[in-house]
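Enquirer: The structure's right below; bear with me while I get my questions together.
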Amino acid sequence: MNEKETSKLGFWSIVLLAINSIIGSGIFLTPGSVVQQAGSKALIVYFIAAIFASILAISFAAAAKYVTKSGAAYAYSKAAFGNNVGFYMGILRYFSASVAWGVMAVGVIKSTISIFGGNPNETMSVTIGFLILMAVITIINLFGQKVVKYVMNLATIGKLAALVLIIIAGVVLLIVSGASSNLSQVDQITQNGQKIVPTLTTTGFVMAIVSAFYAFTGFESVASGSDDMKNPAKNLPRAIPLAIIVIAIIYIGVVAVAMMLDPKALMTTKQVVAIAAIFKNEILRDVILVGALVSMFGINVASSFNAPRILEAMARENQFSKALTKRTKNNFPIRTFFISVLLAILIPMAFEYNMVNLITLSAMVRFLGFIVVPLAVIQFYRGKTAEPVLNAPKNVWTDVFIPILSIILVLFLLVEYNWKAQFGVANAQGQVIGINWYAVAMMIFGFILLPLIMFIISRKDRKDSNYRKRLLSLLA
């Protein structure tokens, strides 16, 4: 077996990559907001979100057995629907992945600054930390896939250890204190004489599910680097659902412990790492804070692995210059990486590190992919594809029923989603009083302008390539 093959990710490394790609800052930073929205129903919300994620993950896993090329949603949509749909999905997914990488890098820096008592909204401090972090991630990638694999595996083990510690320590404290009765009283907790948890409505319940669901996203990017994995057709469909199951058990365990131990602290804390607020012991808090930083660093490394390979996959399919497929002796996609890291740095800077506007675009692109990929799987099953696919074993449940169910669930979430709040500017009372033009502009740029610009560049590359081929044939 050659060195290139041995450096590829095996089954358990793919599982760890999937866990690393999904578990980021969400479970450390945001469970308080989910509990505040859903109250005592928060565990049900996380369970439903896990089911939604599992159903969607099965669709992506089903696609992976038919198409093993890198690019994930790009590769699947191109194989099913042709060059134009594939190109559009590829650009959207690549842009979203690069922006999400930048957003998560900013999140690491802001959290680190806050943890050490600094001002996370001080632009110069954030910028310096941001650039240092991106430089460190670049150096890690320059050493090649082996080093990236080891860093991702260690980061994944580190964050899982921190989360398991939360569960174990929480259970021990619950046994000692007998505080389990808090779970049924979450809806009645007050602050300044007002109930913290509002009366639960259908819209509120759906928004809570969407908030919890975001903590499970990331599985859709795992197959972006399938060319760098061993036997992806066999390993991806097994690894992604297994990762979702592991994560669901951990998430529900962490939130259950937090709700029973100190739900008021979880919902009202001003700490950046909200989950740490449930513990009074400083050593435990410090370990959890370190785990949160390791988690966020790990997902940055995973993003730096996934994003460049989407653009590289498009170049391999002749939709961009073949020059973008160049790799170093360490098998590192150097050109697409530096384009991606530049995009991941410049976009957050241009929007002054406004996380809400940047996350909006990334989320919307994901939902589009959650519709297109299940449709592609159905096409693979029917044998009605624009390009040849692998002769994989067909299954009506995973290739037709689950994809249809996935589309219905995504459409339901989109219909019930609070779009007014997402694209509005709210006052101190939470009332929408205007339009968030930054968010609107970001959507127009990401969904219309950028694909148009990249299409023009792609067409020019193809024309230049055809011209060179004709010239060489004449000279020959």
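Chain labels run A, B, ... following the order of the structure tokens; each chain numbers its residues from 1, and ligands are numbered from 1 in the order shown.
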If you run DSSP on the backbone, which residues of range 118-320 of chain A are alpha helix (DSSP H), as a PyMOL selection string?
Expert: chain A and resi 123-142+145-177+182-185+202-214+232-261+263-268+282-316
Enquirer: Between A:Ala63, A:Val432, A:Ala208, A:Ala441, single out the one closest to Asn391 in chain A, counting only C-alpha atoms.
Expert: A:Ala63
Enquirer: Show which residues sit within 10 Å of Phe370 in chain A, as a list in words. Count only C-alpha atoms, and ignore same-chain residues fewer than 5 positions away.
Expert: Leu56, Ala57, Ser59, Phe60, Ala73, Glu220, Met364, Val365, Leu375, Pro403, Ser406, Ile407, Leu409, Val410 and Leu411 of chain A
Enquirer: Taking 2 positions as the minimum chain separation for residues in the same chain, which residues sit within 12 Å of range 187-197 of chain A when counting only C-alpha atoms? Answer as number ranges by chain.
Expert: A: 32-42, 182-185, 199-201, 204-205, 208, 259, 262-269
Enquirer: For the interface of range 300-379 of chain A with range 111-127 of chain A (cut-off 10 Å, counting only C-alpha atoms), please tabulate each contacting residue of range 300-379 of chain A alongside its nearest pair of atoms and their separation in Å to one decimal, rows sorted by chain and increasing number, as a tab-separated table.
Expert:
residue	atom	partner	partner_atom	distance
A:Ile345	CA	A:Thr127	CA	9.4
A:Pro348	CA	A:Thr127	CA	9.8
A:Met349	CA	A:Thr127	CA	7.9
A:Glu352	CA	A:Thr123	CA	7.8
A:Tyr353	CA	A:Thr123	CA	8.3
